[in-house]
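Below is run.cif, holding mmCIF, C-alpha atoms.
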```
data_target
#
loop_
_atom_site.label_atom_id
_atom_site.label_comp_id
_atom_site.auth_asym_id
_atom_site.auth_seq_id
_atom_site.Cartn_x
_atom_site.Cartn_y
_atom_site.Cartn_z
CA MET A 10 77.12 66.14 124.99
CA ARG A 11 80.23 64.26 123.80
CA LYS A 12 80.51 60.57 124.66
CA ALA A 13 82.83 59.80 127.55
CA TRP A 14 85.01 57.53 125.44
CA LEU A 15 86.14 60.47 123.29
CA VAL A 16 88.93 61.56 125.59
CA ALA A 17 91.84 62.29 123.24
CA SER A 18 92.88 65.93 123.38
CA VAL A 19 95.76 68.33 122.80
CA GLY A 20 97.81 69.73 125.66
CA ILE A 21 96.43 73.15 126.55
CA GLY A 22 99.75 74.99 126.82
CA GLY A 23 101.12 73.97 123.44
CA ALA A 24 97.81 74.40 121.72
CA LEU A 25 97.38 78.05 122.66
CA GLY A 26 100.13 79.08 120.26
CA PHE A 27 98.61 76.86 117.60
CA ILE A 28 95.25 78.62 118.01
CA ALA A 29 96.84 82.06 117.99
CA LEU A 30 98.22 81.30 114.53
CA LEU A 31 94.86 79.98 113.40
CA VAL A 32 93.03 83.09 114.55
CA VAL A 33 95.36 85.24 112.48
CA GLY A 34 95.31 82.83 109.57
CA THR A 35 91.57 82.36 109.31
CA TYR A 36 91.08 85.63 107.47
CA MET A 37 93.92 84.74 105.09
CA ALA A 38 92.20 81.42 104.35
CA ALA A 39 88.93 83.21 103.80
CA GLY A 40 90.51 85.58 101.34
CA SER A 41 92.28 82.85 99.38
CA LEU A 42 89.17 80.67 99.02
CA ALA A 43 86.43 83.23 98.62
CA GLY A 44 86.73 83.28 94.87
CA GLY A 45 86.54 79.49 94.57
CA ALA A 46 82.82 79.03 95.12
CA GLY A 47 81.13 77.17 92.33
CA GLY A 48 77.52 76.77 91.32
CA GLY A 49 75.16 74.47 89.53
CA GLU A 50 71.51 74.03 88.65
CA THR A 51 70.87 70.61 90.19
CA VAL A 52 69.75 70.91 93.80
CA GLY A 53 70.25 67.96 96.11
CA LEU A 54 69.84 67.69 99.87
CA ALA A 55 72.73 68.13 102.28
CA LYS A 56 73.80 65.05 104.21
CA GLY A 57 71.28 64.23 106.92
CA ALA A 58 69.64 67.68 106.75
CA VAL A 59 66.27 65.99 106.28
CA PRO A 60 65.47 62.96 108.48
CA ALA A 61 66.10 59.77 106.50
CA THR A 62 62.44 58.76 106.77
CA TYR A 63 61.36 61.82 104.80
CA GLN A 64 64.35 62.41 102.52
CA PRO A 65 63.11 60.32 99.55
CA LEU A 66 59.75 62.12 99.66
CA VAL A 67 61.35 65.56 99.81
CA GLN A 68 63.82 64.73 97.05
CA LYS A 69 61.09 63.35 94.78
CA TRP A 70 58.34 65.91 95.35
CA GLY A 71 60.77 68.81 95.57
CA ASN A 72 61.23 68.42 91.81
CA LEU A 73 57.52 68.59 91.01
CA CYS A 74 57.77 71.94 89.21
CA ARG A 75 60.43 74.50 88.29
CA ALA A 76 59.46 76.96 91.05
CA ILE A 77 60.53 74.61 93.83
CA ASN A 78 63.44 72.30 94.56
CA PRO A 79 64.14 69.73 97.30
CA ALA A 80 66.09 72.15 99.50
CA LEU A 81 63.35 74.78 99.30
CA LEU A 82 60.68 72.22 100.19
CA ALA A 83 62.83 71.01 103.09
CA ALA A 84 63.24 74.59 104.32
CA GLN A 85 59.46 75.08 104.29
CA LEU A 86 58.84 71.89 106.24
CA TYR A 87 61.50 72.75 108.80
CA GLN A 88 60.19 76.29 109.16
CA GLU A 89 56.64 75.07 109.57
CA SER A 90 57.10 72.10 111.92
CA GLY A 91 60.74 71.16 112.50
CA PHE A 92 59.86 67.92 110.62
CA ASN A 93 57.42 67.01 113.38
CA PRO A 94 54.50 65.04 111.82
CA ARG A 95 52.37 65.63 114.96
CA ALA A 96 52.90 69.40 115.14
CA LYS A 97 49.94 71.64 115.98
CA SER A 98 49.93 75.43 115.87
CA PRO A 99 47.76 77.92 117.80
CA ALA A 100 46.14 78.73 114.44
CA LYS A 101 45.08 75.04 114.16
CA ALA A 102 47.57 74.25 111.44
CA LEU A 103 48.34 70.53 111.58
CA GLY A 104 51.04 68.05 110.69
CA ILE A 105 54.51 68.21 109.18
CA ALA A 106 53.40 70.72 106.51
CA GLN A 107 51.11 72.71 108.85
CA PHE A 108 47.99 72.70 106.69
CA ILE A 109 44.88 74.52 107.90
CA PRO A 110 42.01 71.98 107.67
CA GLY A 111 40.15 74.08 105.08
CA THR A 112 43.25 74.28 102.84
CA TRP A 113 43.82 70.57 103.31
CA ALA A 114 40.25 69.82 102.23
CA ALA A 115 40.88 71.66 98.97
CA HIS A 116 44.50 70.69 98.27
CA GLY A 117 45.36 67.55 100.24
CA LEU A 118 46.57 64.58 98.19
CA ASP A 119 46.58 60.84 98.70
CA GLY A 120 50.33 60.85 98.17
CA ASP A 121 50.94 57.20 99.00
CA GLY A 122 47.89 55.83 97.16
CA ASP A 123 46.43 54.05 100.17
CA GLY A 124 42.94 55.39 99.61
CA ASP A 125 42.87 58.22 102.15
CA ARG A 126 44.18 61.77 102.54
CA ASP A 127 45.66 61.97 106.01
CA ILE A 128 46.88 65.39 107.15
CA TRP A 129 49.01 63.67 109.83
CA ASP A 130 50.75 61.30 107.41
CA PRO A 131 53.95 62.77 105.88
CA LYS A 132 53.47 60.47 102.87
CA ASP A 133 50.36 62.50 102.09
CA ALA A 134 51.32 65.87 103.59
CA ILE A 135 54.73 66.30 101.90
CA PRO A 136 53.39 65.61 98.39
CA SER A 137 50.46 67.92 99.18
CA ALA A 138 52.81 70.73 100.23
CA ALA A 139 54.78 70.43 96.99
CA SER A 140 51.60 70.25 94.92
CA TYR A 141 50.16 73.32 96.64
CA ASP A 142 53.39 75.25 96.04
CA CYS A 143 53.24 74.38 92.36
CA LYS A 144 49.59 75.38 92.08
CA LEU A 145 50.44 78.76 93.58
CA ALA A 146 53.35 79.08 91.15
CA GLY A 147 50.91 78.47 88.32
CA TYR A 148 48.56 81.16 89.58
CA VAL A 149 51.32 83.80 89.55
CA LYS A 150 53.34 82.54 86.57
CA ASP A 151 52.86 85.75 84.60
CA ALA A 152 54.01 88.07 87.39
CA PRO A 153 57.43 89.68 86.83
CA GLY A 154 60.39 88.51 88.87
CA SER A 155 61.51 85.21 90.34
CA PRO A 156 58.91 82.43 89.99
CA THR A 157 60.13 80.92 93.26
CA LYS A 158 59.91 84.16 95.22
CA ASN A 159 56.52 84.92 93.71
CA MET A 160 55.32 81.45 94.70
CA LEU A 161 56.49 81.96 98.28
CA ALA A 162 54.84 85.38 98.37
CA ALA A 163 51.59 83.85 97.15
CA TYR A 164 51.85 81.21 99.88
CA ASN A 165 52.11 83.97 102.48
CA ALA A 166 49.96 86.81 101.11
CA GLY A 167 47.82 85.16 98.44
CA ALA A 168 48.16 85.00 94.67
CA TYR A 169 46.01 88.11 94.18
CA ALA A 170 48.51 90.30 96.04
CA VAL A 171 51.39 89.02 93.90
CA ILE A 172 49.44 89.68 90.71
CA LYS A 173 48.31 93.10 91.93
CA TYR A 174 51.82 94.31 92.76
CA GLY A 175 53.59 92.56 89.89
CA GLY A 176 55.76 90.38 92.14
CA VAL A 177 56.46 90.15 95.87
CA PRO A 178 54.07 92.65 97.47
CA PRO A 179 55.36 95.46 99.71
CA TYR A 180 54.26 93.77 102.93
CA ARG A 181 57.01 93.43 105.52
CA GLU A 182 55.74 90.05 106.71
CA THR A 183 55.65 88.67 103.18
CA GLN A 184 59.05 90.05 102.23
CA ASN A 185 60.56 88.58 105.40
CA TYR A 186 58.90 85.21 104.71
CA VAL A 187 60.32 85.07 101.18
CA LYS A 188 63.80 86.05 102.39
CA THR A 189 63.69 83.60 105.28
CA ILE A 190 62.75 80.56 103.21
CA THR A 191 65.17 81.32 100.36
CA ASN A 192 68.04 81.82 102.83
CA LEU A 193 67.11 78.78 104.89
CA SER A 194 67.01 76.62 101.76
CA LYS A 195 70.77 77.14 101.40
CA SER A 196 71.24 75.22 104.66
CA PHE A 197 69.38 72.22 103.24
CA ALA A 198 71.07 72.19 99.82
CA ARG A 199 74.06 70.01 99.09
CA PRO A 200 76.90 72.35 98.08
CA VAL A 201 78.06 71.97 94.49
CA GLY A 202 81.29 73.89 94.99
CA ARG A 203 83.44 75.38 97.73
CA VAL A 204 81.45 77.08 100.46
CA GLU A 205 82.40 80.72 101.00
CA PRO A 206 84.51 81.10 104.16
CA SER A 207 83.08 82.73 107.26
CA ARG A 208 84.37 86.23 107.94
CA GLN A 209 83.45 85.99 111.62
CA ALA A 210 85.31 82.74 112.29
CA ALA A 211 88.46 84.13 113.90
CA ALA A 212 86.56 86.10 116.53
CA ALA A 213 84.41 83.07 117.40
CA ILE A 214 87.54 80.93 117.84
CA TYR A 215 89.14 83.64 119.97
CA PHE A 216 86.17 83.61 122.33
CA ALA A 217 86.25 79.82 122.65
CA GLN A 218 90.01 79.86 123.20
CA LYS A 219 89.58 82.12 126.23
CA LYS A 220 87.20 79.57 127.78
CA LEU A 221 89.65 76.65 127.67
CA GLY A 222 89.75 74.90 131.03
CA THR A 223 86.30 76.08 132.11
CA PRO A 224 84.23 73.29 133.70
CA TYR A 225 81.28 71.93 131.74
CA LEU A 226 77.73 72.68 132.89
CA TRP A 227 74.64 71.04 131.37
CA GLY A 228 72.44 73.90 130.14
CA GLY A 229 75.24 76.37 130.78
CA ASN A 230 75.09 79.71 128.96
CA GLY A 231 78.14 81.29 130.58
CA THR A 232 76.16 83.61 132.85
CA ALA A 233 77.49 84.97 136.14
CA ASP A 234 75.15 82.82 138.21
CA GLN A 235 76.56 79.78 136.37
CA ASN A 236 80.15 80.86 137.07
CA GLY A 237 80.75 81.38 133.36
CA ARG A 238 80.26 77.70 132.53
CA PHE A 239 78.84 76.26 129.31
CA ASP A 240 77.54 73.14 127.68
CA CYS A 241 78.45 72.39 124.06
CA SER A 242 75.82 74.45 122.25
CA GLY A 243 75.92 77.18 124.89
CA LEU A 244 79.60 77.69 124.05
CA THR A 245 79.06 77.89 120.30
CA LEU A 246 76.08 80.21 120.76
CA ALA A 247 78.13 82.55 122.95
CA ALA A 248 81.12 82.48 120.59
CA TYR A 249 79.10 83.58 117.58
CA ARG A 250 77.07 86.06 119.62
CA THR A 251 80.31 88.04 120.09
CA VAL A 252 80.25 88.76 116.34
CA GLY A 253 76.57 89.66 116.22
CA ILE A 254 75.21 86.30 115.06
CA THR A 255 72.45 84.73 117.15
CA LEU A 256 72.34 80.95 116.89
CA PRO A 257 69.55 78.71 118.19
CA ARG A 258 70.15 77.22 121.62
CA VAL A 259 70.41 73.53 120.73
CA ALA A 260 72.97 71.79 118.55
CA ASN A 261 70.59 70.15 116.06
CA ASP A 262 69.12 73.55 115.16
CA GLN A 263 72.55 75.15 114.92
CA TYR A 264 73.30 72.68 112.11
CA ASN A 265 70.90 74.67 109.92
CA ALA A 266 72.67 78.03 110.38
CA GLY A 267 74.50 77.91 107.04
CA PRO A 268 75.81 75.68 104.26
CA HIS A 269 77.68 72.43 104.90
CA PRO A 270 81.29 72.08 103.77
CA LYS A 271 82.78 68.65 103.22
CA ARG A 272 85.22 67.24 105.77
CA ALA A 273 88.15 68.02 103.47
CA GLU A 274 86.98 71.64 103.15
CA LEU A 275 86.73 72.47 106.87
CA LEU A 276 88.09 75.84 107.92
CA PRO A 277 88.66 77.26 111.41
CA GLY A 278 85.40 78.59 112.81
CA ASP A 279 83.16 75.98 111.22
CA LEU A 280 80.79 74.26 113.61
CA VAL A 281 81.28 70.49 113.69
CA PHE A 282 78.53 68.10 114.78
CA PHE A 283 78.24 64.60 116.20
CA SER A 284 75.39 62.11 116.35
CA ASP A 285 74.54 58.46 116.93
CA ASP A 286 72.34 58.60 113.80
CA LEU A 287 74.35 59.80 110.83
CA THR A 288 71.22 60.07 108.63
CA ASN A 289 69.26 62.60 110.67
CA SER A 290 70.33 66.09 111.74
CA ARG A 291 67.50 66.15 114.29
CA ALA A 292 69.42 63.48 116.24
CA ILE A 293 72.60 65.59 116.60
CA ARG A 294 73.70 65.67 120.24
CA HIS A 295 77.05 67.51 120.26
CA VAL A 296 78.75 70.50 118.61
CA GLY A 297 82.19 72.10 118.70
CA ILE A 298 84.14 74.86 116.92
CA TYR A 299 86.72 73.61 114.44
CA VAL A 300 90.20 75.10 114.88
CA GLY A 301 92.19 73.23 112.24
CA GLY A 302 94.52 70.27 112.22
CA GLY A 303 91.65 67.86 112.87
CA TYR A 304 90.76 69.42 116.23
CA MET A 305 87.95 71.46 117.72
CA ILE A 306 87.30 73.38 120.92
CA ASP A 307 84.27 71.96 122.71
CA ALA A 308 82.54 71.55 126.03
CA PRO A 309 82.38 67.74 125.95
CA ARG A 310 80.46 66.38 128.96
CA PRO A 311 79.79 66.64 132.71
CA GLY A 312 82.99 66.29 134.71
CA ALA A 313 85.15 67.60 131.86
CA VAL A 314 86.39 71.06 130.95
CA ILE A 315 86.29 73.05 127.71
CA ARG A 316 89.21 71.62 125.76
CA PHE A 317 90.58 70.47 122.41
CA ASP A 318 89.12 67.25 121.03
CA PRO A 319 89.59 65.38 117.75
CA VAL A 320 86.99 65.73 115.03
CA ASP A 321 87.60 62.46 113.21
CA THR A 322 85.59 60.06 115.34
CA PRO A 323 82.93 57.49 114.33
CA ASP A 324 80.10 59.79 115.41
CA TYR A 325 81.21 62.76 113.27
CA PHE A 326 78.08 63.95 111.47
CA GLY A 327 79.12 66.98 109.45
CA ALA A 328 79.82 70.70 109.59
CA THR A 329 78.16 74.06 109.12
CA ARG A 330 79.77 77.30 107.98
CA VAL A 331 77.71 79.80 109.94
CA THR A 332 76.29 82.77 108.05
CA GLU A 333 74.38 85.75 109.40
CA ASP A 334 71.54 85.22 106.92
CA GLY A 335 71.40 81.51 107.70
CA ALA A 336 71.15 82.12 111.43
CA LYS A 337 68.50 84.82 111.01
CA ALA A 338 66.39 82.47 108.88
CA LEU A 339 66.05 79.85 111.61
CA PRO A 340 62.76 79.68 113.50
CA ASP A 341 63.07 80.55 117.18
CA LYS A 342 61.76 77.25 118.50
CA PRO A 343 61.09 74.68 115.78
CA SER A 344 59.13 71.69 116.99
CA GLU A 345 61.03 68.56 117.98
CA VAL A 346 60.42 65.17 116.39
#
```
Rewrite the coordinates I just gave you, this time as structure tokens.
Amino acid sequence: MRKAWLVASVGIGGALGFIALLVVGTYMAAGSLAGGAGGGETVGLAKGAVPATYQPLVQKWGNLCRAINPALLAAQLYQESGFNPRAKSPAKALGIAQFIPGTWAAHGLDGDGDGDRDIWDPKDAIPSAASYDCKLAGYVKDAPGSPTKNMLAAYNAGAYAVIKYGGVPPYRETQNYVKTITNLSKSFARPVGRVEPSRQAAAAIYFAQKKLGTPYLWGGNGTADQNGRFDCSGLTLAAYRTVGITLPRVANDQYNAGPHPKRAELLPGDLVFFSDDLTNSRAIRHVGIYVGGGYMIDAPRPGAVIRFDPVDTPDYFGATRVTEDGAKALPDKPSEV
């Protein structure tokens, strides 16, 4: 939900022509920038992607060995628990890193040096997760292929299977796990060059444009029984669903659906996010669809309608360029902190 004091907007009539040009121009922008993506070997964490409390631990321990990096470790933690240090699974996996008690007994570390190994303490569990990853990487170091993918496969299927098959084994579950984590890690990595433009952006904007003037509804998904009304994340979910991309329902999970362009690199179709805590993506409370010129289309709050609002406000958190792989990698219902 957008704060009530953010009331500046563009007149609907004049803005429709503006958006029509943007919808046509988005693909031109995509084509002109697609070749500008850069790369680099150093992997840092995207702004606020990991809660500030855990970011130093993830950054430090994510560099423990060559098979992992901070973004990959962050992706594992998010996939396992949604960064919830009190998470419990039906399989009795516990804590932020979701260790089974037997695995914890063998591989848990006293990461903070306080004399105990506490499965519920992220200062122990995050170092233990990184250490366990690196041990698995060591077990399968002679297997052909990517050391990182082999490590992830060993985490899912066991080191013996990786050694037996000479790399990621032909198990659908394992192959999906490896693909999911490697794709999700891109959402936690700080970009080192231009982020490739979204090819679905124009259609998502077009959908949102058609909803201008629709009254806001908390929890609204645009269904007939809701008279086609939306809340902020319901609107963005519906817009990208028209191009075959399924986003999570809530805004703070939608932030992880792709890489994060800088403010100066925003393109129409990017999702833009807002929060009262600019260090923690789990605290995001509002999302809109960027349309260019410093404006977005959003469903701001109860009593308002879907409209144009400015992006450059004190609570601007960051942006996500939605990708199909990024959205598919997200867990259905990650635990909340």
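Pairwise distance (atom CA of Leu221 of chain A, atom CA of Ala247 of chain A) equals 13.8 Å.
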TODO: Identify, on the basis of only C-alpha atoms, every residue whose closest approach to segment 281-289 of chain A does not exceed 10 Å; exclude the query and any residue fewer than 5 positions from it along the same chain; express the result as a ChimeraX atom specification.
DONE: /A:10-12,56-64,260-261,263-264,269,272,275,294-299,304-307,320,322-330
Next item on the list: Can you turn the PyMOL selection byres ((chain A and resi 115) around 12) into a concrete residue list for this file, as a PyMOL selection string?
Entry: chain A and resi 108-114+116-118+126+128+137+140-141+144
Computed gap from atom CA of Leu81 of chain A to atom CA of Ser207 of chain A is 22.7 Å
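If you measure from each of A:Ala308, A:Ala162, A:Ala170, A:Leu193 to Ala217 of chain A using all atoms listed in the file, the closest one turns out to be A:Ala308.
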Using the chain letters and numbers from the file, give me the residues hit by the PyMOL selection byres ((chain A and resi 82) around 9), as a list in words. Val67, Gln68, Trp70, Gly71, Ile77, Asn78, Pro79, Ala80, Leu81, Ala83, Ala84, Gln85, Leu86, Tyr87, Ile135, Ala138, Ala139, Asp142 and Ser194 of chain A
Counting all atoms listed in the file, the residue among A:Val187, A:Ala273, A:Val252, A:Leu73 that lies closest to Gln88 of chain A is A:Val187
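Atom CA of Asn93 of chain A sits 9.7 Å away from atom CA of Trp129 of chain A.
Candidate residues A:Ile190, A:Leu244, A:Ala212, A:Leu276 were compared for distance to Tyr225 of chain A, and the nearest is A:Leu244, using all atoms listed in the file.
In this comparison, which uses only C-alpha atoms, the residue of A:Val259, A:Ala336, A:Leu226, A:Leu246 approaching Ile315 of chain A most closely is A:Leu226.
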Mind listing whatever residues come within 8 Å of the point (56.9, 80.6, 89.4)? Use only C-alpha atoms, file coordinates, and give them as a PyMOL selection string. chain A and resi 75-76+143+145-147+149-150+155-160
Include C-alpha atoms and write out the residues we just selected as a CSV table (one decimal), keeping the file's coordinate frame.
```
chain,number,residue,atom,x,y,z
A,75,ARG,CA,60.4,74.5,88.3
A,76,ALA,CA,59.5,77.0,91.0
A,143,CYS,CA,53.2,74.4,92.4
A,145,LEU,CA,50.4,78.8,93.6
A,146,ALA,CA,53.4,79.1,91.2
A,147,GLY,CA,50.9,78.5,88.3
A,149,VAL,CA,51.3,83.8,89.6
A,150,LYS,CA,53.3,82.5,86.6
A,155,SER,CA,61.5,85.2,90.3
A,156,PRO,CA,58.9,82.4,90.0
A,157,THR,CA,60.1,80.9,93.3
A,158,LYS,CA,59.9,84.2,95.2
A,159,ASN,CA,56.5,84.9,93.7
A,160,MET,CA,55.3,81.4,94.7
```
Given 4 Å on each side, where is the centre and what are the edge lengths in Å to one decimal of the axis-aligned box enclosing the listed atoms of segment 296-314 of chain A, as JSON?
```
{"center_x": 86.6, "center_y": 70.7, "center_z": 123.5, "size_x": 23.8, "size_y": 16.8, "size_z": 30.5}
```
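Nearest residue to Asp318 of chain A among A:Leu66, A:Gly303, A:Thr332, A:Val171 is A:Gly303, counting all atoms listed in the file.
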Restricting to only C-alpha atoms, whichever of A:Thr255, A:Asn236, A:Ser196, A:Gln184 is closest to Gly267 of chain A is A:Ser196
Just give me the residues with any atom within 8 Å of (58.0, 66.2, 111.2), file coordinates, counting all atoms listed in the file, written as a tab-separated table (two decimals) with C-alpha atoms, in the coordinates of the input.
```tsv
chain	number	residue	atom	x	y	z
A	86	LEU	CA	58.84	71.89	106.24
A	87	TYR	CA	61.50	72.75	108.80
A	90	SER	CA	57.10	72.10	111.92
A	91	GLY	CA	60.74	71.16	112.50
A	92	PHE	CA	59.86	67.92	110.62
A	93	ASN	CA	57.42	67.01	113.38
A	94	PRO	CA	54.50	65.04	111.82
A	95	ARG	CA	52.37	65.63	114.96
A	96	ALA	CA	52.90	69.40	115.14
A	104	GLY	CA	51.04	68.05	110.69
A	105	ILE	CA	54.51	68.21	109.18
A	106	ALA	CA	53.40	70.72	106.51
A	131	PRO	CA	53.95	62.77	105.88
A	345	GLU	CA	61.03	68.56	117.98
A	346	VAL	CA	60.42	65.17	116.39
```
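Evaluating the PyMOL selection byres ((chain A and resi 152) around 7) against the shown model yields Val149, Lys150, Asp151, Pro153, Gly154, Ile172, Gly175 and Gly176 of chain A.
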(message) With only C-alpha atoms as the counted atoms, please give the residues lying no more than 10 Å from Gly229 of chain A, apart from itself and same-chain residues fewer than 5 positions off, as a VMD selection string.
(response) chain A and resid 224 234 to 244 308
